[in-house]
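See below for the structure under consideration.
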Protein chains: 2
Amino acid sequence: MLSGAAVVGPMEKEGPLGDDFDNAMERLGPAKDSWETSEIDMTVEAVTTALNKAKISPEAVDVYCGGDLLNQICAANFTARKLKTPFLGLYNACATMAEGLLLCSSLIGSGLCHYGMVSASSHNATSERQYRFPTELGVQRPMTAQWTVTGAGSMVLGADGQGPYISGGVIGRVVDLGIKDPNEMGAAMAPAAFDTIQRYFTSSKTTPDDFDLILTGDLGYHGHSILLELCKREGLAMGPQYQDSGVWIYDKKQDVHAGGSGAGCSASVWSTHLLHEIQKGKYKKILLVGTGALLSPLTIQQGNSIPAIAHAVVVETGEVTSC
Amino acid sequence: MLSGAAVVGPMEKEGPLGDDFDNAMERLGPAKDSWETSEIDMTVEAVTTALNKAKISPEAVDVYCGGDLLNQICAANFTARKLKTPFLGLYNACATMAEGLLLCSSLIGSGLCHYGMVSASSHNATSERQYRFPTELGVQRPMTAQWTVTGAGSMVLGADGQGPYISGGVIGRVVDLGIKDPNEMGAAMAPAAFDTIQRYFTSSKTTPDDFDLILTGDLGYHGHSILLELCKREGLAMGPQYQDSGVWIYDKKQDVHAGGSGAGCSASVWSTHLLHEIQKGKYKKILLVGTGALLSPLTIQQGNSIPAIAHAVVVETGEVTSC
């Protein structure tokens, strides 16, 4: 990982990690002509800032793995159009950042690419109207609902540099225990996170104690409790090193109910705050678990439940030990 | 490439490649409760058929790279849910099959995965109402419009087997020359195809004559002519070995105007007809160019043009020569 950057909305700036983000929009509303344009602009700025920090020009980037929550992943498409880098469009909902990190690090590790770039984003206003209700309707949200993060995060990876390194991971499987309520994302995603975490610990013959930090993407308060409960039931001892990015990003006073969610949640937290903490030496071996609810308004209306997925990415400093 | 399979709609079955497809739906309409369910069912059947042909169980698959044209790539998500294989969700519109082949072959080539599976699909009824007009409206289509293929195609790749092999490729860049009409997909995608083809021939120091077949995904009649014109202008001699899957899939009598399109077009043609022709010895070295119009109804309504992308995949039989 050569660098990371994030651009967020005003609420995320006011949150506990506000000082970590590179820039913040003054207001959620359209920067130019639409919320979608705001999201595209955030993504372009995050990616450009990360490249500048790594001192790498867009022309030197061999692959850009990007995605977001907009239909047809517009924010990533238009960012790729602007940067003119080779582009692989990804969609795994809020697990897109983890998917991108897995793919990009694999392409670099195999020698096929030298420099790569990953991004993911979400925007509260573009997401809520697309996935739930028209924003103007002002629908009351239940306490299990999470607040879609307005934010774009980007990381630049390279075959050289001082680390931290991506030393392993697990590609997630789709798990669906039948949740049909789009305001219950934590409950929909927790079983997928558990499946991936269990597969990782089993295959790598490690335990949660081998990690300073196990950080899920955006399970929020409810999903965090459910995952802890699932681990307990299956005899997997998760201690206080288990944290969630959706719990970190907002203060409880900000009235976001069950915490943050959205592809931009893990993307902006991992690309800035987490990277800063690693650089300060706080964490040495981390298991990132990107969690995604593959929610489609259409299939929900047709009576289907919400499939979910989680990808794990192992990040280490110093000498790489796992694989 | 260990195997391939495709399930299509009635019109594709009646077309010139009808006998190549593994199965066809009797009618376009809902198999069960919705068109989306039909598309999911087609994808599950294509993937399962390909796995059966390769004599590989879903449990042996290390990675499934899949995508489609539905918002949130539902067909791939629900297929991954059914098969329980590790899943990477992709979206590059009609270039998704090529993107999947590139990624899956890279993960296998690097030794990270042993068996992989790729799928892409589209359905005329689910796509047209999502991207253009309500189906019931019966809007007249201009002659430049292409017919979205109803079809799902899947290929199984492995580290062993007799070939054909994926020996190289190019990750496409997003190119946008300003086309704003969603009935002009060929014109939107041809410049992206040209960019990728030119980058491939320049970097690999090969010429079109080194290939038996250069096959674009779904440029259709108009896009095919535009690409030939672009090549001519830039001094790249493309002969009769340049063909298009969207031209192949329908007979001119079928009144589809500019030919076939959709993620299921290249996916179903490459997974069956092309693979059969390779097995018969007709082609030995092929340049596949998956072409995708990253069309979003929302950004079109907001006045944006259509970004496009094309990925190239080199397929060879016998000894692998290029990289």
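Labels for the structure tokens follow display order: chains A, B, ..., residues from 1 in each chain, ligands from 1.
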Please list as an MDAnalysis selection string every residue within 12 Å of Glu14 of chain A, counting only C-alpha atoms and excluding residues in the same chain fewer than 2 positions away.
chainID A and resid 8:12 16:21 23:27 249:254
Which residues, written as a compact mmCIF listing (two decimals) with all heavy atoms, in the first residue's frame, have at least one atom at most 10 Å from Leu274 of chain A, with only C-alpha atoms counted and residues fewer than 4 positions away on the same chain left out?
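Contents of the output file part.txt:
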# COMPACT_ATOMS: atom_id res chain seq x y z
N GLY A 4 -3.14 6.35 0.57
CA GLY A 4 -4.60 6.31 0.62
C GLY A 4 -5.13 7.71 0.79
O GLY A 4 -4.43 8.60 1.29
N LEU A 17 -13.62 10.57 13.20
CA LEU A 17 -12.46 10.40 12.32
C LEU A 17 -12.26 11.59 11.38
O LEU A 17 -11.46 11.54 10.45
CB LEU A 17 -12.61 9.11 11.48
CG LEU A 17 -13.07 7.84 12.20
CD1 LEU A 17 -13.11 6.68 11.22
CD2 LEU A 17 -12.16 7.52 13.38
N ASP A 20 -8.99 12.78 9.95
CA ASP A 20 -8.22 11.86 9.11
C ASP A 20 -8.49 12.04 7.61
O ASP A 20 -7.65 11.72 6.79
CB ASP A 20 -8.55 10.41 9.50
CG ASP A 20 -7.85 9.96 10.78
OD1 ASP A 20 -6.61 9.92 10.75
OD2 ASP A 20 -8.54 9.70 11.77
N LEU A 215 -11.28 -5.96 11.53
CA LEU A 215 -12.12 -4.80 11.26
C LEU A 215 -13.11 -5.10 10.14
O LEU A 215 -12.71 -5.26 8.98
CB LEU A 215 -11.23 -3.60 10.88
CG LEU A 215 -11.92 -2.27 10.66
CD1 LEU A 215 -12.57 -1.75 11.94
CD2 LEU A 215 -10.92 -1.23 10.12
N SER A 245 -15.91 -0.66 11.09
CA SER A 245 -15.70 0.68 10.52
C SER A 245 -16.97 1.52 10.59
O SER A 245 -16.91 2.74 10.73
CB SER A 245 -15.26 0.57 9.05
OG SER A 245 -14.35 -0.48 8.85
N SER A 266 -16.19 1.63 4.51
CA SER A 266 -14.90 0.96 4.65
C SER A 266 -13.85 1.65 3.79
O SER A 266 -12.70 1.81 4.21
CB SER A 266 -15.01 -0.52 4.26
OG SER A 266 -15.49 -0.66 2.95
N SER A 268 -13.42 4.82 2.91
CA SER A 268 -12.82 6.05 3.44
C SER A 268 -12.11 5.81 4.77
O SER A 268 -11.07 6.42 5.04
CB SER A 268 -13.88 7.16 3.56
OG SER A 268 -14.99 6.72 4.29
N VAL A 269 -12.63 4.90 5.60
CA VAL A 269 -11.98 4.62 6.90
C VAL A 269 -10.64 3.91 6.69
O VAL A 269 -9.62 4.27 7.27
CB VAL A 269 -12.92 3.80 7.82
CG1 VAL A 269 -12.19 3.36 9.08
CG2 VAL A 269 -14.17 4.60 8.18
N TRP A 270 -10.64 2.89 5.84
CA TRP A 270 -9.41 2.12 5.62
C TRP A 270 -8.34 2.95 4.92
O TRP A 270 -7.15 2.83 5.22
CB TRP A 270 -9.70 0.86 4.78
CG TRP A 270 -10.65 -0.10 5.41
CD1 TRP A 270 -11.21 -0.02 6.65
CD2 TRP A 270 -11.18 -1.31 4.83
NE1 TRP A 270 -12.04 -1.10 6.88
CE2 TRP A 270 -12.04 -1.90 5.78
CE3 TRP A 270 -11.00 -1.94 3.60
CZ2 TRP A 270 -12.72 -3.09 5.53
CZ3 TRP A 270 -11.67 -3.13 3.35
CH2 TRP A 270 -12.53 -3.70 4.31
N ILE A 278 -1.86 2.55 11.33
CA ILE A 278 -0.81 1.58 11.01
C ILE A 278 0.54 2.28 10.95
O ILE A 278 1.54 1.82 11.49
CB ILE A 278 -1.11 0.86 9.67
CG1 ILE A 278 -2.37 -0.01 9.80
CG2 ILE A 278 0.08 0.01 9.22
CD1 ILE A 278 -2.84 -0.62 8.49
N GLN A 279 0.55 3.45 10.28
CA GLN A 279 1.80 4.20 10.15
C GLN A 279 2.32 4.65 11.52
O GLN A 279 3.52 4.74 11.73
CB GLN A 279 1.60 5.39 9.20
CG GLN A 279 1.61 4.95 7.73
CD GLN A 279 0.83 5.87 6.81
OE1 GLN A 279 0.18 6.81 7.26
NE2 GLN A 279 0.86 5.59 5.51
N LYS A 280 1.39 4.91 12.44
CA LYS A 280 1.80 5.30 13.80
C LYS A 280 2.28 4.09 14.61
O LYS A 280 2.73 4.23 15.75
CB LYS A 280 0.62 5.93 14.54
CG LYS A 280 0.27 7.34 14.10
CD LYS A 280 -0.93 7.84 14.93
CE LYS A 280 -1.71 8.90 14.20
NZ LYS A 280 -3.08 9.06 14.74
N LYS A 282 0.28 1.50 15.59
CA LYS A 282 -0.76 0.97 16.50
C LYS A 282 -1.12 -0.47 16.15
O LYS A 282 -1.39 -1.27 17.04
CB LYS A 282 -2.00 1.87 16.46
CG LYS A 282 -3.07 1.45 17.44
CD LYS A 282 -4.10 2.54 17.66
CE LYS A 282 -5.17 2.08 18.64
NZ LYS A 282 -6.28 3.02 18.75
N TYR A 283 -1.18 -0.77 14.87
CA TYR A 283 -1.54 -2.12 14.42
C TYR A 283 -0.44 -2.70 13.54
O TYR A 283 0.13 -1.99 12.71
CB TYR A 283 -2.84 -2.10 13.62
CG TYR A 283 -3.99 -1.43 14.32
CD1 TYR A 283 -4.59 -0.29 13.77
CD2 TYR A 283 -4.50 -1.93 15.52
CE1 TYR A 283 -5.65 0.34 14.40
CE2 TYR A 283 -5.57 -1.30 16.15
CZ TYR A 283 -6.14 -0.17 15.58
OH TYR A 283 -7.20 0.45 16.20
N ILE A 286 -3.54 -7.02 10.58
CA ILE A 286 -4.96 -6.68 10.57
C ILE A 286 -5.73 -7.60 9.62
O ILE A 286 -5.26 -7.89 8.52
CB ILE A 286 -5.14 -5.22 10.09
CG1 ILE A 286 -4.37 -4.29 11.00
CG2 ILE A 286 -6.61 -4.83 10.03
CD1 ILE A 286 -3.65 -3.22 10.25
At a cut-off of 6 Å, can you tabulate as JSON lines every residue of chain A near chain B together with its closest atom pair and the distance in Å to one decimal, using only C-alpha atoms and ordering rows by chain then number?
{"residue": "A:Asn71", "atom": "CA", "partner": "B:Asn71", "partner_atom": "CA", "distance": 5.3}
{"residue": "A:Gln72", "atom": "CA", "partner": "B:Ser296", "partner_atom": "CA", "distance": 6.0}
{"residue": "A:Ala80", "atom": "CA", "partner": "B:Val174", "partner_atom": "CA", "distance": 5.9}
{"residue": "A:Arg81", "atom": "CA", "partner": "B:Val174", "partner_atom": "CA", "distance": 4.8}
{"residue": "A:Lys84", "atom": "CA", "partner": "B:Arg173", "partner_atom": "CA", "distance": 5.8}
{"residue": "A:Thr85", "atom": "CA", "partner": "B:Arg173", "partner_atom": "CA", "distance": 5.6}
{"residue": "A:Pro86", "atom": "CA", "partner": "B:Arg173", "partner_atom": "CA", "distance": 4.3}
{"residue": "A:Phe87", "atom": "CA", "partner": "B:Arg173", "partner_atom": "CA", "distance": 5.6}
{"residue": "A:Gly89", "atom": "CA", "partner": "B:Tyr91", "partner_atom": "CA", "distance": 5.0}
{"residue": "A:Leu90", "atom": "CA", "partner": "B:Leu90", "partner_atom": "CA", "distance": 4.4}
{"residue": "A:Tyr91", "atom": "CA", "partner": "B:Gly89", "partner_atom": "CA", "distance": 5.1}
{"residue": "A:Asn92", "atom": "CA", "partner": "B:Gly89", "partner_atom": "CA", "distance": 5.4}
{"residue": "A:Ser110", "atom": "CA", "partner": "B:Ser110", "partner_atom": "CA", "distance": 5.2}
{"residue": "A:Ile171", "atom": "CA", "partner": "B:Pro86", "partner_atom": "CA", "distance": 5.3}
{"residue": "A:Gly172", "atom": "CA", "partner": "B:Pro86", "partner_atom": "CA", "distance": 5.0}
{"residue": "A:Arg173", "atom": "CA", "partner": "B:Pro86", "partner_atom": "CA", "distance": 4.3}
{"residue": "A:Val174", "atom": "CA", "partner": "B:Arg81", "partner_atom": "CA", "distance": 4.8}
{"residue": "A:Ser296", "atom": "CA", "partner": "B:Gln72", "partner_atom": "CA", "distance": 6.0}
Saved selection, atoms kept: N, CA, C and O atoms, as an mmCIF file, in the first residue's frame:
data_model
loop_
_atom_site.group_PDB
_atom_site.id
_atom_site.type_symbol
_atom_site.label_atom_id
_atom_site.label_comp_id
_atom_site.auth_asym_id
_atom_site.auth_seq_id
_atom_site.Cartn_x
_atom_site.Cartn_y
_atom_site.Cartn_z
ATOM 1 N N ASN A 71 -26.310 2.448 -9.599
ATOM 2 C CA ASN A 71 -26.588 1.536 -10.704
ATOM 3 C C ASN A 71 -25.527 1.745 -11.788
ATOM 4 O O ASN A 71 -25.181 2.875 -12.118
ATOM 5 N N GLN A 72 -25.032 0.626 -12.326
ATOM 6 C CA GLN A 72 -23.971 0.666 -13.348
ATOM 7 C C GLN A 72 -22.687 1.334 -12.844
ATOM 8 O O GLN A 72 -21.893 1.832 -13.644
ATOM 9 N N ALA A 80 -12.864 6.567 -14.078
ATOM 10 C CA ALA A 80 -11.962 5.888 -15.019
ATOM 11 C C ALA A 80 -11.888 6.647 -16.341
ATOM 12 O O ALA A 80 -10.838 6.710 -16.981
ATOM 13 N N ARG A 81 -13.016 7.237 -16.739
ATOM 14 C CA ARG A 81 -13.024 8.037 -17.970
ATOM 15 C C ARG A 81 -12.105 9.239 -17.813
ATOM 16 O O ARG A 81 -11.337 9.576 -18.702
ATOM 17 N N LYS A 84 -8.290 7.899 -17.444
ATOM 18 C CA LYS A 84 -7.799 7.162 -18.619
ATOM 19 C C LYS A 84 -6.876 6.004 -18.239
ATOM 20 O O LYS A 84 -5.962 5.654 -18.986
ATOM 21 N N THR A 85 -7.110 5.409 -17.074
ATOM 22 C CA THR A 85 -6.319 4.249 -16.641
ATOM 23 C C THR A 85 -7.049 2.972 -17.045
ATOM 24 O O THR A 85 -8.265 2.963 -17.116
ATOM 25 N N PRO A 86 -6.332 1.873 -17.291
ATOM 26 C CA PRO A 86 -7.003 0.584 -17.513
ATOM 27 C C PRO A 86 -7.916 0.279 -16.323
ATOM 28 O O PRO A 86 -7.509 0.455 -15.173
ATOM 29 N N PHE A 87 -9.121 -0.162 -16.619
ATOM 30 C CA PHE A 87 -10.179 -0.171 -15.597
ATOM 31 C C PHE A 87 -10.902 -1.508 -15.522
ATOM 32 O O PHE A 87 -11.313 -2.070 -16.535
ATOM 33 N N GLY A 89 -14.237 -2.768 -13.644
ATOM 34 C CA GLY A 89 -15.397 -2.359 -12.866
ATOM 35 C C GLY A 89 -15.868 -3.483 -11.960
ATOM 36 O O GLY A 89 -16.029 -4.612 -12.410
ATOM 37 N N LEU A 90 -16.059 -3.170 -10.683
ATOM 38 C CA LEU A 90 -16.438 -4.179 -9.700
ATOM 39 C C LEU A 90 -17.766 -3.820 -9.052
ATOM 40 O O LEU A 90 -18.092 -2.653 -8.896
ATOM 41 N N TYR A 91 -18.518 -4.841 -8.656
ATOM 42 C CA TYR A 91 -19.692 -4.606 -7.840
ATOM 43 C C TYR A 91 -19.867 -5.724 -6.826
ATOM 44 O O TYR A 91 -20.197 -6.854 -7.193
ATOM 45 N N ASN A 92 -19.595 -5.422 -5.604
ATOM 46 C CA ASN A 92 -19.942 -6.305 -4.501
ATOM 47 C C ASN A 92 -20.511 -5.461 -3.373
ATOM 48 O O ASN A 92 -20.213 -5.672 -2.196
ATOM 49 N N SER A 110 1.201 -11.173 -8.707
ATOM 50 C CA SER A 110 1.522 -12.136 -9.759
ATOM 51 C C SER A 110 2.475 -11.554 -10.795
ATOM 52 O O SER A 110 2.899 -12.252 -11.717
ATOM 53 N N ILE A 171 -11.679 -14.889 -0.745
ATOM 54 C CA ILE A 171 -12.780 -14.431 -1.584
ATOM 55 C C ILE A 171 -14.074 -14.957 -0.953
ATOM 56 O O ILE A 171 -14.197 -16.155 -0.684
ATOM 57 N N GLY A 172 -15.011 -14.073 -0.706
ATOM 58 C CA GLY A 172 -16.235 -14.449 -0.012
ATOM 59 C C GLY A 172 -17.216 -15.244 -0.849
ATOM 60 O O GLY A 172 -17.155 -15.232 -2.079
ATOM 61 N N ARG A 173 -18.089 -15.955 -0.137
ATOM 62 C CA ARG A 173 -19.201 -16.659 -0.766
ATOM 63 C C ARG A 173 -20.494 -15.893 -0.460
ATOM 64 O O ARG A 173 -20.576 -15.200 0.552
ATOM 65 N N VAL A 174 -21.478 -16.062 -1.312
ATOM 66 C CA VAL A 174 -22.748 -15.388 -1.064
ATOM 67 C C VAL A 174 -23.544 -16.185 -0.036
ATOM 68 O O VAL A 174 -23.740 -17.388 -0.191
ATOM 69 N N SER A 296 -30.963 -5.465 -4.040
ATOM 70 C CA SER A 296 -31.521 -4.878 -5.250
ATOM 71 C C SER A 296 -32.962 -4.480 -4.961
ATOM 72 O O SER A 296 -33.765 -5.320 -4.548
#
If you count only C-alpha atoms, which residues fall within 7 Å of Gly262 of chain B, apart from same-chain ones fewer than 3 positions away, as a PyMOL selection string?
chain B and resi 94+122+148-149+265
Identify, with DSSP run on backbone atoms, the residues in segment 33-212 of chain B assigned to strand (DSSP E or B), and express the list as a ChimeraX atom specification.
/B:63-68,86-90,115-122,147-148,151-158,165-170,173,175
For segment 231-233 of chain B, find every residue with an atom within 10 Å (counting only C-alpha atoms), except residues of its own chain fewer than 4 positions away, and show them as a list in words.
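With the cut-off at 10 Å, the set is Pro191, Phe194, Asp195, Ile197, Gln198, Ser225, Ile226, Leu227, Ala237 and Met238 of chain B.
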Which value, in Å to one decimal, gives the distance between atom CA of Tyr242 of chain B and atom CA of Asp218 of chain B?
12.6 Å
Quick one: pick out all alpha helix (DSSP H) residues within segment 186-272 of chain A from a backbone DSSP run and write them as a VMD selection string.
chain A and resid 186 to 204 220 to 233 245 to 248 263 to 268
Atom CA of Ala46 of chain B and atom CA of Ser154 of chain B are how many Å apart?
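Between atom CA of Ala46 of chain B and atom CA of Ser154 of chain B the gap is 5.8 Å.
Computed from the coordinates, the atom CA of Ile166 of chain A to atom CA of Thr150 of chain A distance equals 26.1 Å.
For the set B:Glu234, B:Asp255, B:Asp244, B:Glu136, the residue with the smallest atom-to-atom gap to Ile214 of chain B is B:Asp244, counting only C-alpha atoms.
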